[in-house]
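Student: The structure file run-v7.csv (CSV, C-alpha atoms and all ligand atoms) is provided below.
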chain,number,residue,atom,x,y,z
Y,1,MET,CA,-17.4,-4.3,60.1
Y,2,ALA,CA,-17.6,-6.7,57.2
Y,3,ARG,CA,-14.4,-7.7,55.4
Y,4,HIS,CA,-13.9,-7.4,51.7
Y,5,GLN,CA,-12.3,-10.2,49.7
Y,6,SER,CA,-8.7,-9.1,50.0
Y,7,ALA,CA,-7.8,-10.7,46.6
Y,8,VAL,CA,-9.8,-7.9,44.9
Y,9,PHE,CA,-7.3,-5.3,46.0
Y,10,ALA,CA,-4.1,-7.3,45.8
Y,11,GLU,CA,-1.8,-5.6,43.2
Y,12,GLY,CA,1.5,-6.4,41.6
Y,13,THR,CA,0.6,-9.8,40.2
Y,14,ARG,CA,1.7,-10.6,36.7
Y,15,ALA,CA,-0.1,-13.9,35.9
Y,16,HIS,CA,-3.9,-13.8,35.7
Y,17,HIS,CA,-6.5,-16.3,34.7
Y,18,HIS,CA,-10.2,-15.7,34.3
Y,19,LEU,CA,-12.9,-18.4,34.4
Y,20,GLU,CA,-16.6,-18.2,34.0
Y,21,PHE,CA,-19.1,-21.0,34.7
Y,22,THR,CA,-22.8,-21.6,34.3
Y,23,ILE,CA,-24.4,-23.8,37.0
Y,24,ARG,CA,-26.4,-26.7,35.5
Y,25,PRO,CA,-30.1,-26.4,36.2
Y,26,ASP,CA,-30.4,-29.8,37.8
Y,27,THR,CA,-27.8,-29.0,40.5
Y,28,GLY,CA,-28.9,-29.6,44.0
Y,29,PRO,CA,-28.1,-27.1,46.8
Y,30,ALA,CA,-25.8,-29.6,48.7
Y,31,ALA,CA,-23.7,-30.3,45.6
Y,32,LEU,CA,-23.4,-26.6,44.8
Y,33,ALA,CA,-22.4,-25.8,48.4
Y,34,ASP,CA,-19.7,-28.5,48.3
Y,35,ALA,CA,-18.3,-27.2,45.0
Y,36,LEU,CA,-18.2,-23.6,46.4
Y,37,VAL,CA,-16.5,-24.7,49.6
Y,38,GLY,CA,-13.9,-26.5,47.5
Y,39,VAL,CA,-13.3,-23.3,45.5
Y,40,ARG,CA,-12.9,-21.2,48.6
Y,41,ALA,CA,-10.5,-23.7,50.1
Y,42,ALA,CA,-8.4,-23.5,46.9
Y,43,GLY,CA,-8.2,-19.8,47.3
Y,44,ALA,CA,-7.4,-19.8,51.0
Y,45,ASP,CA,-4.6,-22.3,50.6
Y,46,HIS,CA,-1.9,-19.6,50.4
Y,47,ILE,CA,1.0,-21.7,51.7
Y,48,SER,CA,0.9,-24.3,49.0
Y,49,ASN,CA,-0.3,-22.1,46.2
Y,50,GLY,CA,2.5,-19.5,46.5
Y,51,GLY,CA,0.3,-16.5,47.3
Y,52,VAL,CA,-2.3,-16.7,44.5
Y,53,ASN,CA,-5.2,-14.3,45.0
Y,54,LEU,CA,-8.6,-15.8,44.1
Y,55,VAL,CA,-11.6,-13.4,43.6
Y,56,ILE,CA,-15.0,-15.1,43.5
Y,57,GLY,CA,-17.8,-13.2,41.7
Y,58,PHE,CA,-21.5,-14.3,41.3
Y,59,GLY,CA,-24.0,-13.5,38.6
Y,60,PRO,CA,-27.2,-11.9,39.8
Y,61,ASN,CA,-29.4,-15.0,39.5
Y,62,LEU,CA,-27.0,-17.3,41.4
Y,63,TRP,CA,-26.3,-14.9,44.2
Y,64,SER,CA,-30.0,-14.1,44.6
Y,65,ALA,CA,-30.8,-17.8,44.9
Y,66,LEU,CA,-28.0,-18.5,47.3
Y,67,ALA,CA,-28.3,-15.4,49.6
Y,68,PRO,CA,-31.6,-13.6,49.1
Y,69,ASP,CA,-31.1,-11.5,52.2
Y,70,ARG,CA,-27.7,-10.3,51.1
Y,71,VAL,CA,-28.4,-8.9,47.6
Y,72,PRO,CA,-27.4,-5.3,47.2
Y,73,PRO,CA,-29.8,-3.0,45.5
Y,74,GLY,CA,-29.1,-2.5,41.8
Y,75,LEU,CA,-27.6,-6.0,41.1
Y,76,HIS,CA,-28.7,-7.0,37.6
Y,77,ASP,CA,-27.5,-8.9,34.5
Y,78,PHE,CA,-25.3,-7.2,31.9
Y,79,PRO,CA,-27.9,-5.9,29.4
Y,80,GLY,CA,-25.7,-5.6,26.3
Y,81,TYR,CA,-25.1,-2.3,24.5
Y,82,HIS,CA,-26.1,-2.0,20.8
Y,83,ASN,CA,-25.7,0.9,18.4
Y,84,PRO,CA,-26.7,-0.7,15.1
Y,85,SER,CA,-26.4,2.6,13.1
Y,86,ALA,CA,-22.7,2.8,14.2
Y,87,GLY,CA,-22.2,-0.9,13.7
Y,88,GLN,CA,-21.2,-1.2,17.4
Y,89,HIS,CA,-22.3,-4.0,19.7
Y,90,ALA,CA,-21.2,-5.2,23.2
Y,91,PRO,CA,-23.0,-8.5,23.6
Y,92,ALA,CA,-24.4,-9.8,26.9
Y,93,THR,CA,-23.0,-13.2,27.8
Y,94,GLN,CA,-23.9,-13.2,31.5
Y,95,ALA,CA,-22.8,-16.4,33.3
Y,96,ASP,CA,-23.3,-17.5,37.0
Y,97,LEU,CA,-19.8,-17.6,38.5
Y,98,TRP,CA,-16.6,-15.7,37.8
Y,99,LEU,CA,-13.2,-16.7,39.2
Y,100,TRP,CA,-10.2,-14.4,38.8
Y,101,ALA,CA,-7.0,-16.0,40.0
Y,102,HIS,CA,-3.9,-13.8,39.9
Y,103,GLY,CA,-0.4,-14.4,41.3
Y,104,SER,CA,3.3,-14.1,40.7
Y,105,ALA,CA,3.6,-16.7,38.0
Y,106,THR,CA,1.6,-18.9,35.7
Y,107,ASP,CA,2.5,-22.2,37.4
Y,108,VAL,CA,1.0,-21.3,40.8
Y,109,VAL,CA,-2.0,-19.7,39.2
Y,110,PHE,CA,-2.6,-22.9,37.1
Y,111,ASP,CA,-2.6,-25.0,40.3
Y,112,VAL,CA,-5.5,-22.9,41.7
Y,113,VAL,CA,-7.4,-22.8,38.4
Y,114,ARG,CA,-7.2,-26.6,38.1
Y,115,THR,CA,-8.3,-27.3,41.6
Y,116,CYS,CA,-11.3,-24.8,41.2
Y,117,THR,CA,-12.3,-26.3,37.9
Y,118,THR,CA,-12.2,-29.8,39.3
Y,119,CYS,CA,-14.5,-28.8,42.1
Y,120,LEU,CA,-16.9,-27.0,39.8
Y,121,LEU,CA,-17.2,-29.3,36.7
Y,122,PRO,CA,-19.6,-31.7,38.4
Y,123,VAL,CA,-22.1,-28.9,38.8
Y,124,ALA,CA,-21.3,-26.3,36.1
Y,125,GLU,CA,-20.3,-25.7,32.5
Y,126,LEU,CA,-17.1,-23.8,31.9
Y,127,THR,CA,-18.1,-21.0,29.5
Y,128,LEU,CA,-14.8,-18.9,29.6
Y,129,ASP,CA,-11.3,-20.0,30.2
Y,130,GLN,CA,-8.8,-17.2,29.6
Y,131,PRO,CA,-5.2,-17.0,30.8
Y,132,CYS,CA,-3.9,-13.4,30.8
Y,133,PHE,CA,-0.6,-11.6,31.5
Y,134,VAL,CA,0.7,-8.2,32.5
Y,135,TYR,CA,2.4,-6.7,29.4
Y,136,HIS,CA,5.6,-4.8,30.2
Y,137,ASP,CA,4.8,-1.8,32.4
Y,138,SER,CA,1.1,-2.5,32.5
Y,139,ARG,CA,0.4,-1.8,28.9
Y,140,ASP,CA,-2.5,-2.8,26.7
Y,141,LEU,CA,-1.3,-4.6,23.5
Y,142,THR,CA,-1.8,-1.3,21.6
Y,143,GLY,CA,1.3,-0.2,23.6
Y,144,PHE,CA,-0.5,2.3,25.8
Y,145,ILE,CA,-0.2,2.1,29.6
Y,146,ASP,CA,-3.6,1.0,31.0
Y,147,GLY,CA,-4.6,2.0,34.5
Y,148,SER,CA,-3.0,5.5,34.8
Y,149,ALA,CA,-6.2,7.1,36.1
Y,150,ASN,CA,-6.9,4.4,38.6
Y,151,PRO,CA,-7.3,5.3,42.3
Y,152,ASP,CA,-4.2,4.6,44.4
Y,153,ALA,CA,-4.1,1.3,46.3
Y,154,ASP,CA,-5.2,3.2,49.5
Y,155,ASP,CA,-8.2,4.7,47.8
Y,156,ALA,CA,-9.3,1.7,45.7
Y,157,ALA,CA,-11.6,0.2,48.4
Y,158,GLY,CA,-13.4,3.6,48.7
Y,159,VAL,CA,-14.1,3.6,45.0
Y,160,ALA,CA,-15.1,-0.1,44.7
Y,161,GLU,CA,-16.7,-1.2,48.0
Y,162,ILE,CA,-20.4,-1.2,48.7
Y,163,PRO,CA,-20.6,1.2,51.7
Y,164,ALA,CA,-21.2,0.1,55.3
Y,165,GLY,CA,-24.8,-0.2,56.4
Y,166,GLN,CA,-26.1,-1.3,53.0
Y,167,PRO,CA,-27.1,-4.9,52.1
Y,168,GLY,CA,-23.9,-6.5,50.6
Y,169,GLU,CA,-21.6,-4.1,52.5
Y,170,ALA,CA,-17.9,-4.6,51.8
Y,171,GLY,CA,-18.8,-6.5,48.6
Y,172,THR,CA,-17.9,-5.0,45.2
Y,173,PHE,CA,-19.7,-4.9,41.9
Y,174,ALA,CA,-17.7,-5.9,38.9
Y,175,MET,CA,-17.8,-5.9,35.1
Y,176,THR,CA,-15.8,-8.1,32.8
Y,177,MET,CA,-15.7,-7.9,29.0
Y,178,ARG,CA,-13.4,-9.7,26.6
Y,179,PHE,CA,-12.2,-7.3,23.8
Y,180,GLU,CA,-10.5,-8.7,20.7
Y,181,HIS,CA,-8.2,-6.1,19.0
Y,182,ASP,CA,-7.3,-5.4,15.4
Y,183,LEU,CA,-3.7,-4.6,16.2
Y,184,ALA,CA,-2.7,-4.4,12.5
Y,185,ALA,CA,-5.3,-1.6,11.9
Y,186,PHE,CA,-4.2,0.3,15.0
Y,187,GLY,CA,-0.5,-0.1,14.1
Y,188,GLU,CA,-1.1,1.5,10.7
Y,189,LEU,CA,-1.9,4.8,12.5
Y,190,ARG,CA,1.0,7.2,13.2
Y,191,VAL,CA,1.8,7.5,16.9
Y,192,ASP,CA,0.3,11.0,17.2
Y,193,GLU,CA,-2.9,9.7,15.7
Y,194,GLN,CA,-2.9,6.7,18.1
Y,195,GLU,CA,-2.6,9.2,21.0
Y,196,LYS,CA,-5.7,11.0,19.8
Y,197,VAL,CA,-7.6,7.7,19.9
Y,198,ILE,CA,-6.7,7.1,23.5
Y,199,GLY,CA,-6.4,10.7,24.7
Y,200,ARG,CA,-3.0,10.2,26.3
Y,201,THR,CA,0.6,10.1,25.1
Y,202,LYS,CA,2.0,6.7,24.3
Y,203,PRO,CA,5.4,6.6,26.0
Y,204,ASP,CA,4.4,8.0,29.4
Y,205,SER,CA,0.6,8.2,29.5
Y,206,VAL,CA,0.2,12.0,30.0
Y,207,ALA,CA,-3.4,13.1,29.3
Y,208,LEU,CA,-3.6,15.3,26.1
Y,209,PRO,CA,-4.6,18.9,27.0
Y,210,ALA,CA,-8.3,19.5,26.5
Y,211,ASP,CA,-7.8,21.6,23.3
Y,212,ARG,CA,-5.8,18.7,21.7
Y,213,ARG,CA,-8.0,15.8,22.9
Y,214,PRO,CA,-10.7,14.8,20.4
Y,215,HIS,CA,-14.2,14.4,21.7
Y,216,ASP,CA,-14.3,10.8,20.6
Y,217,SER,CA,-11.0,9.9,22.4
Y,218,HIS,CA,-11.3,7.0,24.8
Y,219,ILE,CA,-10.6,8.8,28.0
Y,220,THR,CA,-13.0,11.6,27.0
Y,221,ARG,CA,-15.8,9.1,26.5
Y,222,ALA,CA,-15.0,6.8,29.5
Y,223,GLU,CA,-14.8,9.6,32.1
Y,224,VAL,CA,-18.3,10.1,33.3
Y,225,ALA,CA,-19.9,12.2,36.1
Y,226,ASP,CA,-23.0,12.1,38.2
Y,227,ALA,CA,-25.8,14.7,38.0
Y,228,GLU,CA,-23.8,17.0,40.4
Y,229,GLY,CA,-20.7,16.8,38.2
Y,230,ASN,CA,-18.7,14.5,40.5
Y,231,GLU,CA,-16.6,11.9,38.5
Y,232,LEU,CA,-17.8,8.4,38.9
Y,233,GLN,CA,-14.6,6.5,39.5
Y,234,VAL,CA,-14.0,2.8,38.8
Y,235,TYR,CA,-11.0,0.6,39.8
Y,236,ARG,CA,-9.7,-1.1,36.6
Y,237,ARG,CA,-7.7,-4.3,36.6
Y,238,SER,CA,-7.8,-5.3,32.9
Y,239,VAL,CA,-5.1,-7.6,31.5
Y,240,PRO,CA,-4.1,-8.6,28.0
Y,241,PHE,CA,-4.4,-12.0,26.5
Y,242,ALA,CA,-2.7,-13.3,23.3
Y,243,ASP,CA,-1.9,-16.2,21.1
Y,244,ALA,CA,-0.4,-16.2,17.7
Y,245,THR,CA,-3.6,-15.1,16.0
Y,246,VAL,CA,-6.0,-13.5,18.5
Y,247,GLN,CA,-5.0,-10.7,20.8
Y,248,GLY,CA,-6.9,-8.4,23.1
Y,249,LEU,CA,-7.8,-7.2,26.6
Y,250,HIS,CA,-9.8,-8.9,29.3
Y,251,PHE,CA,-11.4,-5.7,30.7
Y,252,VAL,CA,-12.1,-5.9,34.5
Y,253,ALA,CA,-13.5,-3.0,36.5
Y,254,LEU,CA,-14.8,-2.8,40.0
Y,255,GLY,CA,-17.1,-0.2,41.5
Y,256,ALA,CA,-19.5,0.6,44.3
Y,257,ASP,CA,-22.5,0.2,42.0
Y,258,LEU,CA,-23.3,-0.9,38.4
Y,259,ASP,CA,-24.7,2.4,37.2
Y,260,ARG,CA,-21.2,3.9,36.7
Y,261,PHE,CA,-20.3,1.0,34.3
Y,262,ASP,CA,-23.6,1.5,32.5
Y,263,ALA,CA,-22.9,5.3,32.1
Y,264,GLN,CA,-19.4,4.6,30.7
Y,265,LEU,CA,-20.6,2.0,28.2
Y,266,ARG,CA,-23.5,4.2,27.1
Y,267,ALA,CA,-21.0,7.1,26.5
Y,268,MET,CA,-18.5,4.8,24.7
Y,269,TYR,CA,-21.1,3.1,22.4
Y,270,GLY,CA,-22.7,6.4,21.4
Y,271,LEU,CA,-26.0,5.8,23.3
Y,272,ASP,CA,-25.9,9.3,25.0
Y,273,ASP,CA,-27.7,12.3,23.5
Y,274,ASP,CA,-24.5,13.5,21.7
Y,275,GLY,CA,-24.3,10.1,19.9
Y,276,VAL,CA,-20.5,10.2,19.8
Y,277,VAL,CA,-18.9,6.8,19.6
Y,278,ASP,CA,-15.5,6.1,21.3
Y,279,ARG,CA,-12.9,5.9,18.4
Y,280,LEU,CA,-11.1,3.1,20.2
Y,281,LEU,CA,-14.0,0.8,19.2
Y,282,GLN,CA,-12.9,1.0,15.6
Y,283,PHE,CA,-9.9,-1.1,16.7
Y,284,THR,CA,-11.4,-3.5,19.2
Y,285,ARG,CA,-14.6,-5.6,19.5
Y,286,ALA,CA,-16.3,-6.8,22.6
Y,287,VAL,CA,-17.2,-10.5,22.5
Y,288,THR,CA,-18.3,-11.1,26.1
Y,289,GLY,CA,-19.9,-9.0,28.8
Y,290,SER,CA,-21.1,-9.8,32.4
Y,291,PHE,CA,-21.9,-8.0,35.6
Y,292,TRP,CA,-20.9,-9.6,38.9
Y,293,LEU,CA,-21.2,-9.3,42.7
Y,294,CYS,CA,-18.0,-10.1,44.6
Y,295,PRO,CA,-19.5,-10.6,48.0
Y,296,SER,CA,-17.7,-9.6,51.2
Y,297,ALA,CA,-15.7,-12.4,52.9
Y,298,ASP,CA,-18.4,-12.5,55.6
Y,299,ASP,CA,-21.2,-13.0,53.0
Y,300,LEU,CA,-19.1,-15.7,51.4
Y,301,ASP,CA,-18.7,-17.4,54.8
Y,302,ALA,CA,-22.5,-17.5,55.1
Y,303,VAL,CA,-23.0,-19.4,51.8
Y,304,ALA,CA,-19.7,-21.4,51.6
Y,305,PRO,CA,-17.9,-21.5,54.9
Y,306,LEU,CA,-14.2,-22.3,54.8
Y,307,PRO,CA,-13.3,-25.7,56.2
Y,308,GLU,CA,-12.0,-25.6,59.8
Y,309,GLY,CA,-8.6,-23.9,60.1
Y,310,GLU,CA,-8.5,-22.3,56.7
Y,311,ASP,CA,-8.8,-18.5,56.4
Y,401,LIG,C1,-10.2,-2.8,24.6
Y,401,LIG,C2,-10.7,-2.1,25.4
Y,401,LIG,C3,-10.0,-1.0,26.2
Y,401,LIG,C4,-8.7,-0.5,26.1
Y,401,LIG,C5,-7.6,-1.0,25.2
Y,401,LIG,C6,-8.6,0.5,27.1
Y,401,LIG,C7,-7.5,1.2,27.3
Y,401,LIG,C8,-7.4,2.4,28.1
Y,401,LIG,C9,-6.2,3.2,28.2
Y,401,LIG,C10,-4.9,3.0,27.5
Y,401,LIG,C11,-6.5,4.2,29.1
Y,401,LIG,C12,-5.6,5.4,29.5
Y,401,LIG,C13,-4.8,5.2,30.7
Y,401,LIG,C14,-5.6,5.0,32.0
Y,401,LIG,O1,-6.1,6.0,32.5
Y,401,LIG,O2,-5.8,3.9,32.4
Y,401,LIG,C15,-7.9,4.0,29.5
Y,401,LIG,C16,-8.5,4.8,30.4
Y,401,LIG,C17,-9.8,4.5,30.9
Y,401,LIG,N1,-10.6,3.5,30.5
Y,401,LIG,FE1,-10.3,2.2,29.1
Y,401,LIG,N2,-9.8,0.7,27.7
Y,401,LIG,C18,-10.7,-0.2,27.2
Y,401,LIG,C19,-12.0,-0.4,27.6
Y,401,LIG,C20,-12.7,0.4,28.5
Y,401,LIG,C21,-14.0,0.2,29.0
Y,401,LIG,C22,-15.0,-0.9,28.4
Y,401,LIG,C23,-14.3,1.0,30.0
Y,401,LIG,C24,-15.5,1.3,30.8
Y,401,LIG,C25,-16.7,0.8,30.5
Y,401,LIG,C26,-13.1,1.8,30.2
Y,401,LIG,C27,-12.9,2.8,31.1
Y,401,LIG,C28,-11.8,3.6,31.2
Y,401,LIG,C29,-11.7,4.7,32.1
Y,401,LIG,C30,-12.7,5.2,33.2
Y,401,LIG,C31,-10.4,5.3,31.9
Y,401,LIG,C32,-9.9,6.5,32.7
Y,401,LIG,C33,-10.4,7.8,32.0
Y,401,LIG,C34,-9.8,9.0,32.8
Y,401,LIG,O3,-10.5,9.4,33.7
Y,401,LIG,O4,-8.8,9.5,32.4
Y,401,LIG,N3,-12.1,1.4,29.3
Y,401,LIG,N4,-8.4,2.9,28.9
For this file, produce the structure as structure tokens.
Tutor:
Amino acid sequence: MARHQSAVFAEGTRAHHHLEFTIRPDTGPAALADALVGVRAAGADHISNGGVNLVIGFGPNLWSALAPDRVPPGLHDFPGYHNPSAGQHAPATQADLWLWAHGSATDVVFDVVRTCTTCLLPVAELTLDQPCFVYHDSRDLTGFIDGSANPDADDAAGVAEIPAGQPGEAGTFAMTMRFEHDLAAFGELRVDEQEKVIGRTKPDSVALPADRRPHDSHITRAEVADAEGNELQVYRRSVPFADATVQGLHFVALGADLDRFDAQLRAMYGLDDDGVVDRLLQFTRAVTGSFWLCPSADDLDAVAPLPEGED
């Protein structure tokens, strides 16, 4: 049985860092393989890096070029989601490689980020460089707990892994989006009004009863089902980022296919037949969007084997 990247499902880490790279077109296969082996070694070096988890995700073009026999069906670029009449846009900024380092503290995460970047800069442009942090008890910067409806740690792999027997088995699909918030505008709402935007109570994240939850509340729009009415679950690992002037959420979700992310975004951006737009989008704006494949550890071994003695 293929093994997933264990870093995808490691929880309880408070310091996160997201990096995205685009491979330079003139990069030869040997130089690329060397860089990827360096990245994997940085992630495997658990003793000196203090237990940092490193997730490696590939954009569709890069993975298809590296491992054409190991491409799961349905892997494609983030298309972008646009609703001009509502003034809502989620731009596509698809890159080639996504690294998500997360660990107990910023210093050990920084060491891994720096090593990976040193390995990759000879072959790639750095297109996103975002340190993130867990805010209090896993709250978004709006003050609401984020992740309440997530599957338990025991069930997360069942939600996010590509099933056994399919190409790419034990890999996971992922979506990342950087959202920049208007915290001042959100803060002007009374708390009961903020709760209607999210669909949950603020102190303790209890879902509002159906008769008090507006149809444009975030959880109403984001909860989607398949044709048989079964909920399409995702495993979310979003984390806030902030400096003195720009604050937001680095949205990260993992799932067994990309269709469920597509259905959620269509519902949020008012692209379904009902045309309802998620009210949360009045207070936050997507500025990046990418789809990724996080291959199984076995598929990673096939394209970038770990140096002898490191796993
Ligand atoms: C700035 C952007 C976002 C913020 C601040 C945000 C915040 C939240 C919060 C506070 C909750 C309620 C607690 C919980 O169940 O986790 C929630 C639920 C959820 N969000 Fe988001 N979210 C954002 C973007 C997104 C996006 C882009 C998606 C998917 C495309 C999404 C999917 C979901 C789902 C599936 C739920 C659970 C719904 C349920 O079944 O109750 N969110 N989000």
Student: Can you tell me, as a VMD selection string, what residues are no more than 8 Å from Val112 (chain Y) when counting only C-alpha atoms, ignoring any on the same chain fewer than 4 positions away?
Tutor: chain Y and resid 42 to 43 49 52 101 108 116
Student: Suppose you want the space between CA of Asp243 (chain Y) and CA of Gln130 (chain Y); what is it in Å?
Tutor: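 Interatomic distance here is 11.0 Å.
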Student: One number please: CA of Ala44 (chain Y) to CA of Tyr135 (chain Y), in Å, one decimal.
Tutor: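 These atoms are spaced 27.1 Å apart.
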Student: Using only C-alpha atoms, determine which residues lie at most 10 Å from region 149-163 of chain Y, disregarding the query and same-chain residues fewer than 6 positions distant; provide the list as a PDB file with C-alpha atoms, keeping the file's coordinate frame.
Tutor:
ATOM      1  CA  HIS Y   4     -13.900  -7.400  51.700  1.00  0.00           C
ATOM      2  CA  SER Y   6      -8.700  -9.100  50.000  1.00  0.00           C
ATOM      3  CA  VAL Y   8      -9.800  -7.900  44.900  1.00  0.00           C
ATOM      4  CA  PHE Y   9      -7.300  -5.300  46.000  1.00  0.00           C
ATOM      5  CA  ALA Y  10      -4.100  -7.300  45.800  1.00  0.00           C
ATOM      6  CA  GLU Y  11      -1.800  -5.600  43.200  1.00  0.00           C
ATOM      7  CA  PRO Y  72     -27.400  -5.300  47.200  1.00  0.00           C
ATOM      8  CA  GLU Y 169     -21.600  -4.100  52.500  1.00  0.00           C
ATOM      9  CA  ALA Y 170     -17.900  -4.600  51.800  1.00  0.00           C
ATOM     10  CA  GLY Y 171     -18.800  -6.500  48.600  1.00  0.00           C
ATOM     11  CA  THR Y 172     -17.900  -5.000  45.200  1.00  0.00           C
ATOM     12  CA  PHE Y 173     -19.700  -4.900  41.900  1.00  0.00           C
ATOM     13  CA  ALA Y 174     -17.700  -5.900  38.900  1.00  0.00           C
ATOM     14  CA  SER Y 205       0.600   8.200  29.500  1.00  0.00           C
ATOM     15  CA  ALA Y 207      -3.400  13.100  29.300  1.00  0.00           C
ATOM     16  CA  ILE Y 219     -10.600   8.800  28.000  1.00  0.00           C
ATOM     17  CA  GLU Y 223     -14.800   9.600  32.100  1.00  0.00           C
ATOM     18  CA  LEU Y 232     -17.800   8.400  38.900  1.00  0.00           C
ATOM     19  CA  GLN Y 233     -14.600   6.500  39.500  1.00  0.00           C
ATOM     20  CA  VAL Y 234     -14.000   2.800  38.800  1.00  0.00           C
ATOM     21  CA  TYR Y 235     -11.000   0.600  39.800  1.00  0.00           C
ATOM     22  CA  ARG Y 236      -9.700  -1.100  36.600  1.00  0.00           C
ATOM     23  CA  ARG Y 237      -7.700  -4.300  36.600  1.00  0.00           C
ATOM     24  CA  ALA Y 253     -13.500  -3.000  36.500  1.00  0.00           C
ATOM     25  CA  LEU Y 254     -14.800  -2.800  40.000  1.00  0.00           C
ATOM     26  CA  GLY Y 255     -17.100  -0.200  41.500  1.00  0.00           C
ATOM     27  CA  ALA Y 256     -19.500   0.600  44.300  1.00  0.00           C
ATOM     28  CA  ASP Y 257     -22.500   0.200  42.000  1.00  0.00           C
ATOM     29  CA  CYS Y 294     -18.000 -10.100  44.600  1.00  0.00           C
ATOM     30  CA  PRO Y 295     -19.500 -10.600  48.000  1.00  0.00           C
ATOM     31  CA  SER Y 296     -17.700  -9.600  51.200  1.00  0.00           C
TER      32      SER Y 296
END
Student: When you look at Ala35 (chain Y) with a cut-off of 12 Å (counting all atoms listed in the file), what residues show up, excluding the ones that are within fewer than 2 positions of it in the same chain? I need them as a PyMOL selection string.
Tutor: chain Y and resi 23+27-33+37-42+97+115-124+303-306
Student: So what do you get for CA of Val197 (chain Y) versus atom C11 of ligand LIG 401 (chain Y), distance-wise?
Tutor: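 We find that CA of Val197 (chain Y) and atom C11 of ligand LIG 401 (chain Y) lie 9.9 Å from each other.
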Student: Tell me, counting all atoms listed in the file, for each residue of chain Y within 7 Å of ligand LIG 401 (chain Y), which pair of atoms is nearest and how far apart they are in Å to one decimal, in rows ordered by chain and increasing number, as JSON lines.
Tutor:
{"residue": "Y:Asp140", "atom": "CA", "partner": "Y:LIG401", "partner_atom": "C5", "distance": 5.6}
{"residue": "Y:Thr142", "atom": "CA", "partner": "Y:LIG401", "partner_atom": "C5", "distance": 6.8}
{"residue": "Y:Phe144", "atom": "CA", "partner": "Y:LIG401", "partner_atom": "C10", "distance": 4.8}
{"residue": "Y:Ile145", "atom": "CA", "partner": "Y:LIG401", "partner_atom": "C10", "distance": 5.2}
{"residue": "Y:Asp146", "atom": "CA", "partner": "Y:LIG401", "partner_atom": "O2", "distance": 3.9}
{"residue": "Y:Gly147", "atom": "CA", "partner": "Y:LIG401", "partner_atom": "O2", "distance": 3.1}
{"residue": "Y:Ser148", "atom": "CA", "partner": "Y:LIG401", "partner_atom": "C14", "distance": 3.9}
{"residue": "Y:Ala149", "atom": "CA", "partner": "Y:LIG401", "partner_atom": "O1", "distance": 3.8}
{"residue": "Y:Asn150", "atom": "CA", "partner": "Y:LIG401", "partner_atom": "O2", "distance": 6.3}
{"residue": "Y:Phe179", "atom": "CA", "partner": "Y:LIG401", "partner_atom": "C1", "distance": 5.0}
{"residue": "Y:His181", "atom": "CA", "partner": "Y:LIG401", "partner_atom": "C1", "distance": 6.8}
{"residue": "Y:Ile198", "atom": "CA", "partner": "Y:LIG401", "partner_atom": "C10", "distance": 6.0}
{"residue": "Y:Arg200", "atom": "CA", "partner": "Y:LIG401", "partner_atom": "C12", "distance": 6.3}
{"residue": "Y:Ser205", "atom": "CA", "partner": "Y:LIG401", "partner_atom": "C13", "distance": 6.3}
{"residue": "Y:His218", "atom": "CA", "partner": "Y:LIG401", "partner_atom": "N4", "distance": 6.5}
{"residue": "Y:Ile219", "atom": "CA", "partner": "Y:LIG401", "partner_atom": "C33", "distance": 4.1}
{"residue": "Y:Thr220", "atom": "CA", "partner": "Y:LIG401", "partner_atom": "C33", "distance": 6.8}
{"residue": "Y:Ala222", "atom": "CA", "partner": "Y:LIG401", "partner_atom": "C30", "distance": 4.6}
{"residue": "Y:Glu223", "atom": "CA", "partner": "Y:LIG401", "partner_atom": "O3", "distance": 4.6}
{"residue": "Y:Gln233", "atom": "CA", "partner": "Y:LIG401", "partner_atom": "C30", "distance": 6.7}
{"residue": "Y:Val234", "atom": "CA", "partner": "Y:LIG401", "partner_atom": "C30", "distance": 6.2}
{"residue": "Y:Gly248", "atom": "CA", "partner": "Y:LIG401", "partner_atom": "C1", "distance": 6.7}
{"residue": "Y:Leu249", "atom": "CA", "partner": "Y:LIG401", "partner_atom": "C1", "distance": 5.4}
{"residue": "Y:Phe251", "atom": "CA", "partner": "Y:LIG401", "partner_atom": "C19", "distance": 6.2}
{"residue": "Y:Phe261", "atom": "CA", "partner": "Y:LIG401", "partner_atom": "C25", "distance": 5.2}
{"residue": "Y:Gln264", "atom": "CA", "partner": "Y:LIG401", "partner_atom": "C25", "distance": 4.7}
{"residue": "Y:Leu265", "atom": "CA", "partner": "Y:LIG401", "partner_atom": "C25", "distance": 4.7}
{"residue": "Y:Thr284", "atom": "CA", "partner": "Y:LIG401", "partner_atom": "C1", "distance": 5.6}
Student: Tell me which residues come within 10 Å of (-11.3, -11.8, 29.7), as a VMD selection string, counting all atoms listed in the file in the file's coordinates.
Tutor: chain Y and resid 16 to 20 100 128 to 132 176 to 180 238 to 241 248 to 252 287 to 289
Student: Taking all atoms listed in the file into account, which of Y:Asp45, Y:Glu308, Y:Asp278, Y:Asp262 comes nearest Ala86 (chain Y)?
Tutor: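 Smallest distance to Ala86 (chain Y) is found for Y:Asp278.
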Student: Find the residues around His82 (chain Y) up to 9 Å (only C-alpha atoms counted), leave out those fewer than 6 positions away in its own chain, and share them as JSON, numbers by chain.
Tutor: {"Y": [88, 89, 90, 91, 269, 271]}
Student: Write a file of the just-selected residues containing C-alpha atoms, as a CSV table (one decimal), in the frame of the given file.
Tutor:
chain,number,residue,atom,x,y,z
Y,88,GLN,CA,-21.2,-1.2,17.4
Y,89,HIS,CA,-22.3,-4.0,19.7
Y,90,ALA,CA,-21.2,-5.2,23.2
Y,91,PRO,CA,-23.0,-8.5,23.6
Y,269,TYR,CA,-21.1,3.1,22.4
Y,271,LEU,CA,-26.0,5.8,23.3
